[in-house]
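Novice: The structure file input-v9.txt (compact mmCIF, C-alpha atoms) is provided below.
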# COMPACT_ATOMS: atom_id res chain seq x y z
CA MET A 307 27.61 2.98 15.98
CA LYS A 308 29.99 2.56 13.04
CA THR A 309 29.18 3.02 9.36
CA TYR A 310 31.29 2.12 6.37
CA PHE A 311 31.36 3.61 2.85
CA ALA A 312 31.97 1.72 -0.35
CA PRO A 313 35.26 2.56 -2.08
CA LEU A 314 34.78 5.79 -4.02
CA ALA A 315 36.26 4.44 -7.22
CA LEU A 316 33.81 1.54 -7.20
CA ILE A 317 30.84 3.85 -6.68
CA LEU A 318 31.98 6.14 -9.49
CA PHE A 319 32.49 3.23 -11.88
CA PHE A 320 29.07 1.71 -11.30
CA SER A 321 27.28 5.07 -11.15
CA PHE A 322 28.68 5.75 -14.63
CA PHE A 323 26.56 2.83 -15.80
CA ALA A 324 23.73 3.49 -13.34
CA VAL A 325 21.23 4.61 -15.95
CA PRO A 326 21.99 2.33 -18.88
CA VAL A 327 23.23 -0.91 -17.40
CA ALA A 328 19.92 -2.74 -17.90
CA PHE A 329 19.31 -1.26 -21.36
CA PRO A 330 17.65 -3.98 -23.44
CA GLN A 331 19.49 -5.68 -26.30
CA SER A 332 19.87 -2.77 -28.70
CA GLY A 333 20.82 -4.35 -31.99
CA ASP A 334 24.20 -2.61 -31.78
CA PRO A 335 26.67 -5.51 -31.42
CA LYS A 336 29.41 -3.38 -29.90
CA PHE A 337 27.18 -1.86 -27.24
CA ASP A 338 25.56 -5.22 -26.44
CA ALA A 339 28.99 -6.84 -26.01
CA ILE A 340 30.15 -4.06 -23.66
CA LYS A 341 26.95 -4.31 -21.61
CA ALA A 342 27.21 -8.12 -21.38
CA ARG A 343 30.77 -7.93 -20.07
CA HIS A 344 29.85 -5.24 -17.53
CA ASP A 345 26.85 -7.24 -16.29
CA ARG A 346 29.13 -10.25 -15.75
CA GLY A 347 31.55 -8.07 -13.81
CA ASP A 348 34.29 -8.30 -16.45
CA PRO A 349 36.61 -5.33 -17.09
CA VAL A 350 35.49 -2.58 -19.47
CA THR A 351 38.07 -0.28 -21.03
CA PRO A 352 37.84 3.55 -20.91
CA GLU A 353 37.24 3.59 -24.68
CA GLU A 354 34.38 1.12 -24.32
CA ARG A 355 32.87 3.17 -21.50
CA SER A 356 33.04 6.28 -23.70
CA TYR A 357 31.31 4.43 -26.53
CA ALA A 358 28.59 3.13 -24.20
CA GLN A 359 28.07 6.59 -22.71
CA ALA A 360 27.56 8.20 -26.12
CA PHE A 361 25.30 5.37 -27.27
CA MET A 362 23.09 5.56 -24.18
CA ALA A 363 22.93 9.34 -24.10
CA HIS A 364 21.55 9.24 -27.64
CA HIS A 365 18.91 6.65 -26.80
CA ASN A 366 17.96 8.31 -23.51
CA GLN A 367 17.39 11.56 -25.40
CA GLN A 368 15.24 9.73 -27.92
CA GLY A 369 13.18 8.16 -25.15
CA ALA A 370 12.63 11.33 -23.16
CA ALA A 371 9.81 12.80 -25.24
CA PRO A 372 7.04 10.35 -24.15
CA ASN A 373 7.82 11.09 -20.49
CA PRO A 374 7.33 14.83 -19.94
CA PRO A 375 8.16 15.91 -16.36
CA ARG A 376 5.11 16.63 -14.25
CA ASP A 377 4.38 17.66 -10.66
CA SER A 378 1.69 15.03 -10.08
CA THR A 379 0.42 11.84 -11.70
CA GLY A 380 -2.91 11.50 -9.91
CA CYS A 381 -1.91 8.08 -8.58
CA VAL A 382 -2.78 7.47 -4.94
CA PRO A 383 0.05 6.23 -2.68
CA LEU A 384 -0.46 2.56 -1.84
CA SER A 385 -0.44 3.42 1.84
CA GLU A 386 -3.51 5.60 1.27
CA LEU A 387 -5.24 3.71 -1.54
CA GLY A 388 -6.35 1.01 0.91
CA ALA A 389 -9.11 -1.13 -0.53
CA GLY A 390 -9.29 1.23 -3.48
CA ASP A 391 -8.46 0.07 -6.96
CA TYR A 392 -5.60 0.60 -9.44
CA HIS A 393 -6.27 -1.12 -12.76
CA GLY A 394 -8.09 -3.91 -10.98
CA GLU A 395 -5.57 -4.33 -8.16
CA LYS A 396 -6.32 -3.40 -4.56
CA GLY A 397 -4.14 -0.87 -2.81
CA GLY A 398 -2.69 -1.03 0.67
CA LEU A 399 0.73 -2.31 1.60
CA TYR A 400 -0.59 -5.70 2.65
CA PRO A 401 -3.38 -8.08 1.56
CA ASP A 402 -6.95 -6.80 1.45
CA GLY A 403 -5.85 -3.17 1.46
CA GLY A 404 -4.16 -3.43 4.85
CA ALA A 405 -1.72 -0.83 6.13
CA THR A 406 -0.02 -3.19 8.60
CA PRO A 407 1.05 -6.85 8.47
CA PRO A 408 -1.57 -9.44 9.43
CA PRO A 409 -1.22 -10.27 13.16
CA VAL A 410 0.19 -13.77 12.62
CA HIS A 411 2.85 -12.48 10.21
CA GLU A 412 3.78 -9.62 12.49
CA ALA A 413 4.05 -11.95 15.50
CA ALA A 414 6.47 -14.14 13.55
CA GLY A 415 8.57 -11.08 12.74
CA LEU A 416 8.63 -9.95 16.36
CA LYS A 417 9.76 -13.41 17.43
CA LEU A 418 12.61 -13.32 14.90
CA ALA A 419 13.57 -9.77 15.88
CA ARG A 420 14.14 -10.89 19.45
CA THR A 421 16.76 -13.35 18.22
CA ILE A 422 18.87 -10.62 16.60
CA VAL A 423 21.92 -10.23 18.85
CA PRO A 424 25.55 -9.26 18.27
CA LEU A 425 27.48 -11.99 16.44
CA ASP A 426 31.20 -12.65 16.07
CA THR A 427 32.82 -13.17 12.68
CA ASP A 428 31.87 -16.86 12.73
CA GLY A 429 28.23 -15.99 13.33
CA HIS A 430 28.09 -16.96 17.00
CA PRO A 431 26.47 -14.77 19.68
CA SER A 432 29.10 -12.58 21.31
CA ALA A 433 28.95 -9.67 23.72
CA SER A 434 31.63 -7.96 21.63
CA GLY A 435 30.08 -8.86 18.28
CA LYS A 436 28.17 -6.83 15.72
CA ILE A 437 24.66 -6.61 14.32
CA VAL A 438 25.03 -5.92 10.61
CA LEU A 439 22.37 -4.27 8.48
CA ILE A 440 23.32 -4.37 4.79
CA THR A 441 21.51 -2.46 2.06
CA CYS A 442 20.73 -4.07 -1.28
CA GLY A 443 19.83 -2.49 -4.57
CA MET A 444 20.76 -0.19 -7.42
CA SER A 445 22.14 3.34 -7.87
CA ASN A 446 19.26 5.10 -6.12
CA THR A 447 19.63 2.70 -3.22
CA THR A 448 23.34 3.33 -2.71
CA MET A 449 22.80 7.10 -2.86
CA GLU A 450 20.03 6.89 -0.27
CA SER A 451 21.99 4.40 1.84
CA GLN A 452 24.84 6.89 2.18
CA ALA A 453 22.43 9.56 3.46
CA PHE A 454 20.88 7.04 5.87
CA LYS A 455 24.34 6.11 7.16
CA ARG A 456 25.31 9.74 7.73
CA LEU A 457 22.18 10.32 9.78
CA ALA A 458 22.70 7.08 11.70
CA SER A 459 26.34 7.85 12.51
CA ALA A 460 25.31 11.17 14.08
CA ASP A 461 22.51 9.64 16.19
CA HIS A 462 23.68 8.64 19.67
CA GLY A 463 20.45 6.82 20.42
CA LEU A 464 21.25 3.85 18.20
CA ASN A 465 22.69 0.51 19.22
CA PRO A 466 26.48 0.94 19.41
CA GLN A 467 26.96 -2.61 18.14
CA LEU A 468 24.93 -1.94 15.00
CA VAL A 469 26.93 -1.54 11.79
CA ILE A 470 25.31 -0.36 8.55
CA VAL A 471 27.03 -1.44 5.35
CA ASP A 472 26.08 -0.02 1.97
CA GLY A 473 25.85 -3.12 -0.21
CA ALA A 474 23.85 -1.41 -2.97
CA GLN A 475 25.64 -0.81 -6.27
CA GLY A 476 25.00 1.52 -9.18
CA GLY A 477 23.46 -0.11 -12.22
CA GLN A 478 22.73 -3.37 -10.41
CA THR A 479 19.02 -3.73 -11.07
CA ALA A 480 16.70 -6.50 -9.87
CA ALA A 481 17.29 -8.49 -13.05
CA ILE A 482 20.95 -8.67 -12.01
CA THR A 483 20.58 -9.32 -8.27
CA ALA A 484 18.17 -12.11 -9.20
CA LYS A 485 21.18 -14.06 -10.51
CA PRO A 486 22.97 -16.11 -7.83
CA ASP A 487 26.27 -15.87 -9.72
CA ALA A 488 26.15 -12.11 -10.31
CA LYS A 489 29.30 -10.12 -9.55
CA TYR A 490 27.08 -8.10 -7.20
CA TRP A 491 27.40 -10.69 -4.44
CA SER A 492 31.20 -10.88 -4.45
CA VAL A 493 31.34 -7.07 -4.26
CA ASP A 494 29.12 -7.24 -1.17
CA ARG A 495 31.50 -9.71 0.44
CA GLU A 496 34.43 -7.44 -0.40
CA ARG A 497 32.71 -4.49 1.25
CA LEU A 498 32.01 -6.50 4.36
CA ALA A 499 35.61 -7.68 4.53
CA ALA A 500 36.87 -4.11 4.11
CA ALA A 501 34.83 -3.19 7.19
CA GLY A 502 36.24 -6.11 9.20
CA LEU A 503 32.95 -7.99 8.97
CA THR A 504 31.71 -11.27 7.53
CA ALA A 505 28.60 -12.51 5.77
CA GLN A 506 27.81 -14.52 8.93
CA GLN A 507 27.20 -11.27 10.86
CA VAL A 508 24.51 -9.94 8.52
CA GLN A 509 21.09 -10.33 10.10
CA VAL A 510 19.05 -7.52 8.54
CA VAL A 511 18.74 -6.12 5.02
CA TRP A 512 17.07 -3.07 3.51
CA LEU A 513 16.14 -3.97 -0.07
CA LYS A 514 15.10 -1.44 -2.69
CA GLU A 515 15.22 -2.56 -6.31
CA ALA A 516 13.72 -1.81 -9.71
CA ASN A 517 14.34 -2.76 -13.34
CA ALA A 518 15.49 -0.31 -15.96
CA ARG A 519 13.53 1.01 -18.94
CA PRO A 520 10.13 -0.63 -18.31
CA VAL A 521 7.82 -0.32 -21.32
CA GLN A 522 5.05 -2.90 -20.90
CA PRO A 523 1.66 -1.90 -19.44
CA PHE A 524 0.62 -2.79 -15.91
CA PRO A 525 0.90 -5.41 -14.51
CA ILE A 526 3.52 -6.97 -16.83
CA GLU A 527 6.58 -5.01 -15.64
CA ALA A 528 5.49 -5.19 -11.99
CA LYS A 529 5.10 -8.97 -12.23
CA LYS A 530 8.58 -9.28 -13.76
CA LEU A 531 9.98 -7.17 -10.93
CA GLN A 532 8.15 -9.32 -8.38
CA SER A 533 9.79 -12.42 -9.84
CA ASP A 534 13.23 -10.80 -9.74
CA LEU A 535 12.68 -9.65 -6.15
CA ALA A 536 11.69 -13.18 -5.14
CA ALA A 537 14.91 -14.53 -6.63
CA THR A 538 16.88 -11.72 -4.96
CA VAL A 539 15.58 -12.47 -1.47
CA ARG A 540 16.43 -16.14 -1.96
CA ASN A 541 19.94 -15.09 -2.98
CA LEU A 542 20.17 -12.89 0.10
CA HIS A 543 19.26 -15.89 2.24
CA ASP A 544 21.94 -17.99 0.56
CA GLN A 545 24.62 -15.28 0.76
CA PHE A 546 23.98 -14.36 4.40
CA PRO A 547 23.25 -17.52 6.41
CA ASN A 548 22.12 -15.67 9.55
CA LEU A 549 19.86 -13.20 7.74
CA LYS A 550 16.53 -12.99 9.53
CA ILE A 551 14.60 -9.95 8.30
CA ALA A 552 14.38 -8.09 4.97
CA TYR A 553 12.70 -4.67 4.97
CA LEU A 554 11.55 -3.72 1.48
CA SER A 555 10.88 -0.36 -0.14
CA SER A 556 9.73 0.60 -3.64
CA ARG A 557 10.72 3.55 -5.84
CA ILE A 558 10.57 7.27 -5.11
CA TYR A 559 8.43 9.54 -7.28
CA GLY A 560 9.44 9.36 -10.93
CA GLY A 561 7.29 12.09 -12.42
CA TYR A 562 10.21 14.44 -13.12
CA ALA A 563 12.09 11.83 -15.18
CA THR A 564 13.68 13.14 -18.38
CA THR A 565 14.81 9.67 -19.55
CA PRO A 566 13.00 6.34 -19.95
CA LEU A 567 15.06 4.72 -17.19
CA ASN A 568 12.13 4.40 -14.77
CA PRO A 569 9.46 7.07 -15.27
CA GLU A 570 5.88 7.16 -14.05
CA PRO A 571 3.66 5.28 -13.76
CA HIS A 572 6.29 2.53 -13.60
CA ALA A 573 7.99 4.01 -10.52
CA TYR A 574 4.63 3.97 -8.72
CA GLU A 575 3.88 0.43 -9.90
CA THR A 576 7.05 -0.99 -8.33
CA GLY A 577 5.10 -0.78 -5.08
CA PHE A 578 2.78 -3.51 -6.30
CA ALA A 579 5.73 -5.82 -6.94
CA VAL A 580 6.79 -5.43 -3.29
CA LYS A 581 3.20 -5.80 -2.05
CA TRP A 582 2.63 -8.99 -4.05
CA LEU A 583 5.95 -10.50 -2.96
CA ILE A 584 5.18 -10.01 0.72
CA ALA A 585 1.62 -11.27 0.18
CA ASP A 586 2.99 -14.46 -1.35
CA GLN A 587 5.09 -15.11 1.74
CA ILE A 588 2.13 -14.37 4.00
CA GLY A 589 0.11 -16.80 1.89
CA GLY A 590 2.62 -19.58 2.53
CA ALA A 591 4.56 -19.76 -0.74
CA PRO A 592 7.18 -22.50 -0.10
CA GLU A 593 9.83 -20.73 -2.22
CA LEU A 594 9.62 -17.81 0.24
CA ASN A 595 9.40 -19.84 3.45
CA PHE A 596 11.20 -18.32 6.46
CA ASP A 597 9.93 -20.70 9.16
CA PRO A 598 11.96 -23.91 9.70
CA ALA A 599 8.92 -25.51 11.30
CA LYS A 600 7.20 -25.34 7.89
CA GLY A 601 9.98 -26.79 5.77
CA ALA A 602 13.19 -25.68 4.13
CA VAL A 603 13.97 -22.01 4.79
CA ARG A 604 14.36 -20.20 1.46
CA ALA A 605 14.11 -16.52 2.40
CA PRO A 606 14.21 -14.08 5.30
CA TRP A 607 11.01 -12.79 6.87
CA LEU A 608 9.67 -10.08 4.54
CA VAL A 609 7.96 -6.86 5.52
CA TRP A 610 7.57 -3.34 4.20
CA GLY A 611 10.20 -0.86 5.25
CA ALA A 612 9.66 2.85 4.67
CA TYR A 613 7.20 3.49 1.84
CA LEU A 614 8.92 6.18 -0.22
CA TRP A 615 6.51 7.06 -3.05
CA THR A 616 4.46 10.23 -2.93
CA ASP A 617 2.55 12.00 -5.70
CA GLY A 618 4.98 14.81 -6.44
CA LEU A 619 3.85 18.19 -5.17
CA LYS A 620 0.39 16.82 -4.38
CA GLY A 621 2.07 14.72 -1.73
CA ARG A 622 0.41 12.49 0.78
CA LYS A 623 -1.40 12.85 4.09
CA ASP A 624 1.71 12.72 6.27
CA GLY A 625 3.03 15.82 4.50
CA LEU A 626 5.67 14.16 2.32
CA VAL A 627 6.07 15.86 -1.06
CA TRP A 628 8.62 15.32 -3.81
CA LYS A 629 9.91 18.42 -5.56
CA ALA A 630 11.85 18.72 -8.80
CA GLU A 631 14.89 19.87 -6.81
CA ASP A 632 14.75 16.57 -4.88
CA CYS A 633 15.94 14.91 -8.09
CA ALA A 634 19.19 15.00 -10.03
CA SER A 635 19.22 16.35 -13.59
CA ASP A 636 17.76 13.11 -15.00
CA GLY A 637 14.71 13.40 -12.72
CA THR A 638 15.16 9.77 -11.68
CA HIS A 639 18.06 9.69 -9.23
CA PRO A 640 17.71 11.66 -6.00
CA SER A 641 19.60 14.89 -5.45
CA GLU A 642 21.21 15.58 -2.09
CA THR A 643 17.89 16.86 -0.68
CA GLY A 644 16.10 13.81 -2.06
CA ARG A 645 18.66 11.46 -0.56
CA MET A 646 18.26 13.10 2.82
CA LYS A 647 14.47 12.81 2.58
CA VAL A 648 14.80 9.07 2.07
CA GLY A 649 17.42 8.83 4.82
CA GLU A 650 15.09 10.57 7.23
CA LEU A 651 12.19 8.30 6.26
CA LEU A 652 14.37 5.27 6.94
CA MET A 653 15.51 6.62 10.30
CA LYS A 654 11.92 7.32 11.31
CA PHE A 655 10.85 3.86 10.23
CA PHE A 656 13.58 1.90 12.02
CA LYS A 657 13.15 3.91 15.21
CA SER A 658 9.40 3.31 15.33
CA ASP A 659 8.87 -0.16 13.88
CA LEU A 660 8.29 -2.76 16.56
CA THR A 661 10.41 -5.41 14.83
CA ALA A 662 13.36 -3.00 14.56
CA GLN A 663 13.45 -1.19 17.87
CA ALA A 664 14.99 -4.05 19.85
CA TRP A 665 18.17 -4.20 17.73
CA PHE A 666 18.28 -0.73 16.10
CA LEU A 667 18.04 1.41 19.22
CA LYS A 668 20.46 1.60 22.11
CA PRO A 669 19.53 -1.02 24.71
CA ALA A 670 17.88 0.29 27.85
CA PRO A 671 20.15 0.30 30.94
Take the structure from the file and write it as structure tokens.
Specialist:
Amino acid sequence: MKTYFAPLALILFFSFFAVPVAFPQSGDPKFDAIKARHDRGDPVTPEERSYAQAFMAHHNQQGAAPNPPRDSTGCVPLSELGAGDYHGEKGGLYPDGGATPPPVHEAAGLKLARTIVPLDTDGHPSASGKIVLITCGMSNTTMESQAFKRLASADHGLNPQLVIVDGAQGGQTAAITAKPDAKYWSVDRERLAAAGLTAQQVQVVWLKEANARPVQPFPIEAKKLQSDLAATVRNLHDQFPNLKIAYLSSRIYGGYATTPLNPEPHAYETGFAVKWLIADQIGGAPELNFDPAKGAVRAPWLVWGAYLWTDGLKGRKDGLVWKAEDCASDGTHPSETGRMKVGELLMKFFKSDLTAQAWFLKPAP
């Protein structure tokens, strides 16, 4: 199985803006102009980057005080909250506190999974074609995607025609990927082309997104993220015409955050945005329809991927804990150990999930 890495210079450029890119309008005209050009994908000079860096470092330092690092928040992972309650909202990954998709939804996913076969560059089935899984998201996502790819490239039990492409980009939050004309999408096409692939070969996506610097109380920020995720999955459908399945994850633990980029409880609450989005598709929302028999197809089939959040050192029942050393110095981005934890969770998920096994694992003789 082949994996491809994004150009290093591109990763470094976007990771420079990974924390501040979605900083709200600041009242500083120079900073706001630099940010607007970056968000459009226009060039930013070294001097402008230096100005933005100093500006954002100052504001991140100012915002750090209300978010003291802590080993546990007391929040219960959605996967364990079940029918329990968080500020009036039921837990679980699926409706009514469920831990697994409703049978009808799961059956639809299994049916789609069986149609995932190697495709040529025009998107036609081909014995010598590829099955492309592309990742979608922000800085955390690209860091974790690289760890996932390293693990996948060393695993000889995976489908040799599977290709994983890191489409995630530093600083590209859900508010940006929600825009159909965002520079994000042309960068994805460039990465595919660099790997000798086309958008027509993409059939699976791993999507992990968030928005930067949330400040509003629950559920306001989570509802905004849900809306941006809905727009993002529609954009994914439009960008990749043969896309069938999108596996979604929410944020890792944010309790060690030293900046207001995405601290707790907002990191935890991103799980509700994913849960509500999938529930809307299950409930038949036409703007998320994946079934041509029910009308115009607007989105891929949506399902939870690996659930990544755990309550710091308190952890969860499967033994997953998140330590301070699993984070970079800002407490928000994963360190190398944190990236590998996520990579391992993804590998475990794709190897065990019924909708993934048929195309992710090496075919039986």
Novice: So which one's closest to A:Thr448, A:Gln478, A:Ser432, A:Thr427, A:Gln507? Using only C-alpha atoms, please.
Specialist: A:Gln478
Novice: Residues within 10 Å of A:Lys623, please, as a list of chain:residue names. Count all atoms listed in the file; anything in the same chain fewer than 6 positions from it doesn't count.
Specialist: A:Pro383, A:Ser385, A:Glu386, A:Thr616
Novice: I need the residues from that last selection saved to file as a compact mmCIF listing (two decimals), keeping the file's coordinate frame (with C-alpha atoms), if you can.
Specialist:
# COMPACT_ATOMS: atom_id res chain seq x y z
CA PRO A 383 0.05 6.23 -2.68
CA SER A 385 -0.44 3.42 1.84
CA GLU A 386 -3.51 5.60 1.27
CA THR A 616 4.46 10.23 -2.93
Novice: Find the residue from A:Lys417, A:Lys629, A:Lys620, A:Lys657 that sits nearest to A:Gly644; use only C-alpha atoms when measuring.
Specialist: A:Lys629
Novice: So the first atom is atom CA of A:Asp636 and the second is atom CA of A:Asn446; what is the distance between them in Å, to one decimal place?
Specialist: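 Computing it gives 12.1 Å between the two atoms.
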Novice: Can you tell me which residues surround stretch 560-564 of chain A at a distance of at most 6 Å, considering only C-alpha atoms, apart from same-chain residues fewer than 5 positions away, and format the answer as a list in words?
Specialist: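 So the residues in contact are Ala370, Pro375, Arg376, Pro569, Glu570, Ala573, Asp636, Gly637 and Thr638 of chain A.
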Novice: Using all atoms listed in the file, pick whichever of A:Val521, A:Val423, A:Leu384, A:Val510 has the shortest atom-to-atom distance to A:Ser556.
Specialist: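 Comparing A:Val521, A:Val423, A:Leu384, A:Val510 against A:Ser556, the winner is A:Leu384.
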Novice: Measure the distance from atom CA of A:Ile588 to atom CA of A:Pro431 in Å and round it to one decimal.
Specialist: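 It comes out at 29.0 Å.
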Novice: For a quick check of understanding, using all atoms listed in the file, which of A:Asp597, A:Val493, A:Gly621, A:Gln663 has the smallest distance to A:Ala414?
Specialist: A:Asp597
Novice: Please measure the separation of atom CA of A:Ala460 and atom CA of A:Met646, giving the value in Å to one decimal.
Specialist: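 Between atom CA of A:Ala460 and atom CA of A:Met646 the gap is 13.4 Å.
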Novice: Compute the distance from (19.6, 1.0, 22.2) to each atom, counting all atoms listed in the file, keep the residues with any atom at most 6 Å away, and return them as an MDAnalysis selection string; use the coordinates of the file.
Specialist: chainID A and resid 464:465 667:670
Novice: I'd like the contact shell of A:Leu425 - 8 Å cut-off, all atoms listed in the file, skipping same-chain residues fewer than 4 positions apart - returned as an mmCIF file with C-alpha atoms, in the coordinates of the input.
Specialist:
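The result, written out as out11.cif:
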data_model
loop_
_atom_site.group_PDB
_atom_site.id
_atom_site.type_symbol
_atom_site.label_atom_id
_atom_site.label_comp_id
_atom_site.auth_asym_id
_atom_site.auth_seq_id
_atom_site.Cartn_x
_atom_site.Cartn_y
_atom_site.Cartn_z
ATOM 1 C CA GLY A 429 28.230 -15.990 13.330
ATOM 2 C CA HIS A 430 28.090 -16.960 17.000
ATOM 3 C CA PRO A 431 26.470 -14.770 19.680
ATOM 4 C CA SER A 432 29.100 -12.580 21.310
ATOM 5 C CA ALA A 433 28.950 -9.670 23.720
ATOM 6 C CA SER A 434 31.630 -7.960 21.630
ATOM 7 C CA GLY A 435 30.080 -8.860 18.280
ATOM 8 C CA LYS A 436 28.170 -6.830 15.720
ATOM 9 C CA ILE A 437 24.660 -6.610 14.320
ATOM 10 C CA GLN A 506 27.810 -14.520 8.930
ATOM 11 C CA GLN A 507 27.200 -11.270 10.860
#
Novice: (29.5, -6.4, -6.5) in this file's frame - what residues fall within 10 Å of it? Use only C-alpha atoms and give the answer as an NGL selection string.
Specialist: :A and (316 or 320 or 347 or 473-476 or 478 or 483 or 488-497)
Novice: Tell me which of A:Leu554, A:Cys381, A:Leu498, A:Leu542 sits closest to A:Asp617, counting only C-alpha atoms.
Specialist: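 Comparing A:Leu554, A:Cys381, A:Leu498, A:Leu542 against A:Asp617, the winner is A:Cys381.
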Novice: Between A:Ala453, A:Ala342, A:Leu399, A:Ile482, single out the one closest to A:Phe578, counting all atoms listed in the file.
Specialist: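 Looking at the shortest contact to A:Phe578, the residue is A:Leu399.
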